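Participant: work.pdb (PDB, N, CA and C atoms) pasted underneath:
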ATOM      1  N   MET W   1      41.473 -73.238  11.091  1.00  0.00           N
ATOM      2  CA  MET W   1      42.349 -73.896  10.177  1.00  0.00           C
ATOM      3  C   MET W   1      43.776 -73.471  10.521  1.00  0.00           C
ATOM      4  N   LEU W   2      44.667 -74.416  10.553  1.00  0.00           N
ATOM      5  CA  LEU W   2      46.078 -74.177  10.832  1.00  0.00           C
ATOM      6  C   LEU W   2      46.873 -74.477   9.570  1.00  0.00           C
ATOM      7  N   LEU W   3      47.527 -73.459   9.013  1.00  0.00           N
ATOM      8  CA  LEU W   3      48.341 -73.631   7.807  1.00  0.00           C
ATOM      9  C   LEU W   3      49.773 -73.929   8.205  1.00  0.00           C
ATOM     10  N   LYS W   4      50.407 -74.879   7.521  1.00  0.00           N
ATOM     11  CA  LYS W   4      51.791 -75.270   7.817  1.00  0.00           C
ATOM     12  C   LYS W   4      52.660 -75.047   6.593  1.00  0.00           C
ATOM     13  N   ASP W   5      53.948 -74.830   6.819  1.00  0.00           N
ATOM     14  CA  ASP W   5      54.931 -74.617   5.747  1.00  0.00           C
ATOM     15  C   ASP W   5      54.490 -73.487   4.814  1.00  0.00           C
ATOM     16  N   VAL W   6      54.205 -72.312   5.409  1.00  0.00           N
ATOM     17  CA  VAL W   6      53.704 -71.161   4.659  1.00  0.00           C
ATOM     18  C   VAL W   6      54.875 -70.379   4.067  1.00  0.00           C
ATOM     19  N   ASN W   7      54.778 -70.058   2.783  1.00  0.00           N
ATOM     20  CA  ASN W   7      55.743 -69.209   2.094  1.00  0.00           C
ATOM     21  C   ASN W   7      55.010 -67.972   1.597  1.00  0.00           C
ATOM     22  N   ILE W   8      55.404 -66.800   2.141  1.00  0.00           N
ATOM     23  CA  ILE W   8      54.786 -65.537   1.728  1.00  0.00           C
ATOM     24  C   ILE W   8      55.527 -65.042   0.497  1.00  0.00           C
ATOM     25  N   ASP W   9      54.801 -64.889  -0.620  1.00  0.00           N
ATOM     26  CA  ASP W   9      55.405 -64.460  -1.873  1.00  0.00           C
ATOM     27  C   ASP W   9      55.593 -62.952  -1.930  1.00  0.00           C
ATOM     28  N   GLU W  10      54.599 -62.204  -1.449  1.00  0.00           N
ATOM     29  CA  GLU W  10      54.655 -60.752  -1.547  1.00  0.00           C
ATOM     30  C   GLU W  10      53.711 -60.144  -0.517  1.00  0.00           C
ATOM     31  N   MET W  11      54.156 -59.045   0.167  1.00  0.00           N
ATOM     32  CA  MET W  11      53.280 -58.339   1.090  1.00  0.00           C
ATOM     33  C   MET W  11      53.797 -56.928   1.315  1.00  0.00           C
ATOM     34  N   VAL W  12      52.905 -56.054   1.754  1.00  0.00           N
ATOM     35  CA  VAL W  12      53.253 -54.678   2.064  1.00  0.00           C
ATOM     36  C   VAL W  12      53.733 -54.631   3.514  1.00  0.00           C
ATOM     37  N   ILE W  13      54.902 -54.041   3.750  1.00  0.00           N
ATOM     38  CA  ILE W  13      55.447 -53.965   5.107  1.00  0.00           C
ATOM     39  C   ILE W  13      54.718 -52.907   5.945  1.00  0.00           C
ATOM     40  N   GLY W  14      54.447 -51.752   5.374  1.00  0.00           N
ATOM     41  CA  GLY W  14      53.764 -50.707   6.131  1.00  0.00           C
ATOM     42  C   GLY W  14      52.740 -49.992   5.263  1.00  0.00           C
ATOM     43  N   LYS W  15      51.592 -49.674   5.859  1.00  0.00           N
ATOM     44  CA  LYS W  15      50.548 -48.973   5.124  1.00  0.00           C
ATOM     45  C   LYS W  15      49.757 -48.147   6.130  1.00  0.00           C
ATOM     46  N   LEU W  16      49.422 -46.918   5.752  1.00  0.00           N
ATOM     47  CA  LEU W  16      48.670 -46.033   6.625  1.00  0.00           C
ATOM     48  C   LEU W  16      47.520 -45.416   5.843  1.00  0.00           C
ATOM     49  N   ASP W  17      46.316 -45.597   6.364  1.00  0.00           N
ATOM     50  CA  ASP W  17      45.137 -44.983   5.763  1.00  0.00           C
ATOM     51  C   ASP W  17      44.244 -44.514   6.911  1.00  0.00           C
ATOM     52  N   VAL W  18      44.243 -43.225   7.189  1.00  0.00           N
ATOM     53  CA  VAL W  18      43.510 -42.705   8.338  1.00  0.00           C
ATOM     54  C   VAL W  18      42.016 -42.621   8.091  1.00  0.00           C
ATOM     55  N   ASP W  19      41.562 -42.800   6.864  1.00  0.00           N
ATOM     56  CA  ASP W  19      40.136 -42.718   6.550  1.00  0.00           C
ATOM     57  C   ASP W  19      39.398 -44.037   6.747  1.00  0.00           C
ATOM     58  N   GLN W  20      40.119 -45.151   6.881  1.00  0.00           N
ATOM     59  CA  GLN W  20      39.483 -46.452   7.038  1.00  0.00           C
ATOM     60  C   GLN W  20      39.611 -46.947   8.472  1.00  0.00           C
ATOM     61  N   PHE W  21      38.621 -47.740   8.924  1.00  0.00           N
ATOM     62  CA  PHE W  21      38.660 -48.338  10.263  1.00  0.00           C
ATOM     63  C   PHE W  21      39.676 -49.478  10.316  1.00  0.00           C
ATOM     64  N   ALA W  22      39.693 -50.300   9.275  1.00  0.00           N
ATOM     65  CA  ALA W  22      40.613 -51.434   9.219  1.00  0.00           C
ATOM     66  C   ALA W  22      41.411 -51.371   7.925  1.00  0.00           C
ATOM     67  N   LEU W  23      42.657 -51.759   7.999  1.00  0.00           N
ATOM     68  CA  LEU W  23      43.493 -51.807   6.808  1.00  0.00           C
ATOM     69  C   LEU W  23      43.291 -53.149   6.119  1.00  0.00           C
ATOM     70  N   GLU W  24      43.105 -53.111   4.819  1.00  0.00           N
ATOM     71  CA  GLU W  24      42.946 -54.338   4.043  1.00  0.00           C
ATOM     72  C   GLU W  24      44.013 -54.376   2.970  1.00  0.00           C
ATOM     73  N   GLU W  25      44.694 -55.497   2.860  1.00  0.00           N
ATOM     74  CA  GLU W  25      45.748 -55.664   1.866  1.00  0.00           C
ATOM     75  C   GLU W  25      45.792 -57.131   1.448  1.00  0.00           C
ATOM     76  N   ASP W  26      45.861 -57.383   0.155  1.00  0.00           N
ATOM     77  CA  ASP W  26      45.997 -58.749  -0.341  1.00  0.00           C
ATOM     78  C   ASP W  26      47.417 -59.241  -0.106  1.00  0.00           C
ATOM     79  N   MET W  27      47.545 -60.533   0.178  1.00  0.00           N
ATOM     80  CA  MET W  27      48.859 -61.129   0.399  1.00  0.00           C
ATOM     81  C   MET W  27      48.882 -62.470  -0.332  1.00  0.00           C
ATOM     82  N   THR W  28      49.848 -62.654  -1.219  1.00  0.00           N
ATOM     83  CA  THR W  28      49.963 -63.918  -1.943  1.00  0.00           C
ATOM     84  C   THR W  28      50.879 -64.853  -1.162  1.00  0.00           C
ATOM     85  N   PHE W  29      50.432 -66.099  -1.032  1.00  0.00           N
ATOM     86  CA  PHE W  29      51.218 -67.088  -0.305  1.00  0.00           C
ATOM     87  C   PHE W  29      50.848 -68.488  -0.777  1.00  0.00           C
ATOM     88  N   THR W  30      51.724 -69.423  -0.455  1.00  0.00           N
ATOM     89  CA  THR W  30      51.464 -70.839  -0.692  1.00  0.00           C
ATOM     90  C   THR W  30      51.713 -71.581   0.616  1.00  0.00           C
ATOM     91  N   PHE W  31      51.120 -72.758   0.746  1.00  0.00           N
ATOM     92  CA  PHE W  31      51.336 -73.562   1.941  1.00  0.00           C
ATOM     93  C   PHE W  31      51.404 -75.032   1.567  1.00  0.00           C
ATOM     94  N   GLY W  32      52.113 -75.790   2.395  1.00  0.00           N
ATOM     95  CA  GLY W  32      52.330 -77.192   2.102  1.00  0.00           C
ATOM     96  C   GLY W  32      51.338 -78.134   2.750  1.00  0.00           C
ATOM     97  N   ASP W  33      50.714 -77.718   3.859  1.00  0.00           N
ATOM     98  CA  ASP W  33      49.815 -78.605   4.582  1.00  0.00           C
ATOM     99  C   ASP W  33      48.856 -77.760   5.407  1.00  0.00           C
ATOM    100  N   ALA W  34      47.716 -78.337   5.757  1.00  0.00           N
ATOM    101  CA  ALA W  34      46.730 -77.646   6.579  1.00  0.00           C
ATOM    102  C   ALA W  34      46.031 -78.647   7.479  1.00  0.00           C
ATOM    103  N   ASP W  35      45.737 -78.218   8.706  1.00  0.00           N
ATOM    104  CA  ASP W  35      44.961 -79.015   9.658  1.00  0.00           C
ATOM    105  C   ASP W  35      43.672 -78.282   9.954  1.00  0.00           C
ATOM    106  N   LEU W  36      42.567 -79.018   9.952  1.00  0.00           N
ATOM    107  CA  LEU W  36      41.277 -78.459  10.302  1.00  0.00           C
ATOM    108  C   LEU W  36      41.082 -78.651  11.804  1.00  0.00           C
ATOM    109  N   LEU W  37      40.991 -77.542  12.545  1.00  0.00           N
ATOM    110  CA  LEU W  37      40.876 -77.607  13.999  1.00  0.00           C
ATOM    111  C   LEU W  37      39.424 -77.856  14.393  1.00  0.00           C
ATOM    112  N   ASP W  38      39.234 -78.678  15.419  1.00  0.00           N
ATOM    113  CA  ASP W  38      37.889 -78.993  15.899  1.00  0.00           C
ATOM    114  C   ASP W  38      37.265 -77.825  16.658  1.00  0.00           C
ATOM    115  N   ALA W  39      38.036 -77.228  17.554  1.00  0.00           N
ATOM    116  CA  ALA W  39      37.506 -76.153  18.394  1.00  0.00           C
ATOM    117  C   ALA W  39      38.660 -75.255  18.816  1.00  0.00           C
ATOM    118  N   PHE W  40      38.305 -74.085  19.300  1.00  0.00           N
ATOM    119  CA  PHE W  40      39.301 -73.152  19.823  1.00  0.00           C
ATOM    120  C   PHE W  40      39.411 -73.313  21.323  1.00  0.00           C
ATOM    121  N   ASP W  41      40.610 -73.145  21.845  1.00  0.00           N
ATOM    122  CA  ASP W  41      40.821 -73.174  23.293  1.00  0.00           C
ATOM    123  C   ASP W  41      40.481 -71.806  23.875  1.00  0.00           C
ATOM    124  N   GLU W  42      39.972 -71.780  25.124  1.00  0.00           N
ATOM    125  CA  GLU W  42      39.709 -70.520  25.798  1.00  0.00           C
ATOM    126  C   GLU W  42      41.019 -69.934  26.288  1.00  0.00           C
ATOM    127  N   LEU W  43      41.116 -68.617  26.229  1.00  0.00           N
ATOM    128  CA  LEU W  43      42.321 -67.932  26.708  1.00  0.00           C
ATOM    129  C   LEU W  43      42.206 -67.616  28.169  1.00  0.00           C
TER     130      LEU W  43
END
Transcribe the structure of this file into structure tokens.

Facilitator:
Amino acid sequence: MLLKDVNIDEMVIGKLDVDQFALEEDMTFTFGDADLLDAFDEL
């Protein structure tokens, strides 16, 4: 899915947690349009 005209309302700039493998943080945003992609291109 490709989101267009994205406005990020709020997000954390930096976060460090050495006890977790991946950092997880909620981010509030709105978007004006979206395209559903058929397939991914190979890199």

Participant: Of the candidates W:Val12, W:Met1, W:Asn7, W:Ala22, which shows the shortest atom-to-atom distance to W:Leu37, using only C-alpha atoms?

Facilitator: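 Checking each of W:Val12, W:Met1, W:Asn7, W:Ala22 against W:Leu37, counting only C-alpha atoms, the winner is W:Met1.
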
Participant: Please determine, counting only N, CA and C atoms, which residue among W:Glu24, W:Leu43, W:Phe31, W:Asp38 has the shortest atom-to-atom distance to W:Lys4.

Facilitator: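 The answer is W:Phe31, which sits nearest to W:Lys4.
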
Participant: Work out how far atom CA of W:Val6 is from atom CA of W:Ala34, in Å to one decimal.

Facilitator: 9.7 Å

Participant: Using the chain letters and numbers from the file, which residues does the PyMOL selection byres (((chain W and resi 29 and name CA) around 12) and name CA) grab, as a ChimeraX atom specification?

Facilitator: /W:3-11,26-28,30-32

Participant: Can you pull out every residue from chain W that DSSP, working from the backbone, puts in strand (DSSP E or B), and format the result as a list in words?

Facilitator: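 Here are the strand (DSSP E or B) residues of chain W: Leu2, Leu3, Lys4, Asn7, Ile8, Asp9, Glu10, Thr28, Phe29, Thr30, Asp33, Ala34 and Asp35 of chain W.
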
Participant: Using only N, CA and C atoms, please write the residues we just selected to a file, as a compact mmCIF listing (two decimals), keeping the file's coordinate frame.

Facilitator:
# COMPACT_ATOMS: atom_id res chain seq x y z
N LEU W 2 44.67 -74.42 10.55
CA LEU W 2 46.08 -74.18 10.83
C LEU W 2 46.87 -74.48 9.57
N LEU W 3 47.53 -73.46 9.01
CA LEU W 3 48.34 -73.63 7.81
C LEU W 3 49.77 -73.93 8.20
N LYS W 4 50.41 -74.88 7.52
CA LYS W 4 51.79 -75.27 7.82
C LYS W 4 52.66 -75.05 6.59
N ASN W 7 54.78 -70.06 2.78
CA ASN W 7 55.74 -69.21 2.09
C ASN W 7 55.01 -67.97 1.60
N ILE W 8 55.40 -66.80 2.14
CA ILE W 8 54.79 -65.54 1.73
C ILE W 8 55.53 -65.04 0.50
N ASP W 9 54.80 -64.89 -0.62
CA ASP W 9 55.40 -64.46 -1.87
C ASP W 9 55.59 -62.95 -1.93
N GLU W 10 54.60 -62.20 -1.45
CA GLU W 10 54.66 -60.75 -1.55
C GLU W 10 53.71 -60.14 -0.52
N THR W 28 49.85 -62.65 -1.22
CA THR W 28 49.96 -63.92 -1.94
C THR W 28 50.88 -64.85 -1.16
N PHE W 29 50.43 -66.10 -1.03
CA PHE W 29 51.22 -67.09 -0.30
C PHE W 29 50.85 -68.49 -0.78
N THR W 30 51.72 -69.42 -0.46
CA THR W 30 51.46 -70.84 -0.69
C THR W 30 51.71 -71.58 0.62
N ASP W 33 50.71 -77.72 3.86
CA ASP W 33 49.82 -78.60 4.58
C ASP W 33 48.86 -77.76 5.41
N ALA W 34 47.72 -78.34 5.76
CA ALA W 34 46.73 -77.65 6.58
C ALA W 34 46.03 -78.65 7.48
N ASP W 35 45.74 -78.22 8.71
CA ASP W 35 44.96 -79.02 9.66
C ASP W 35 43.67 -78.28 9.95
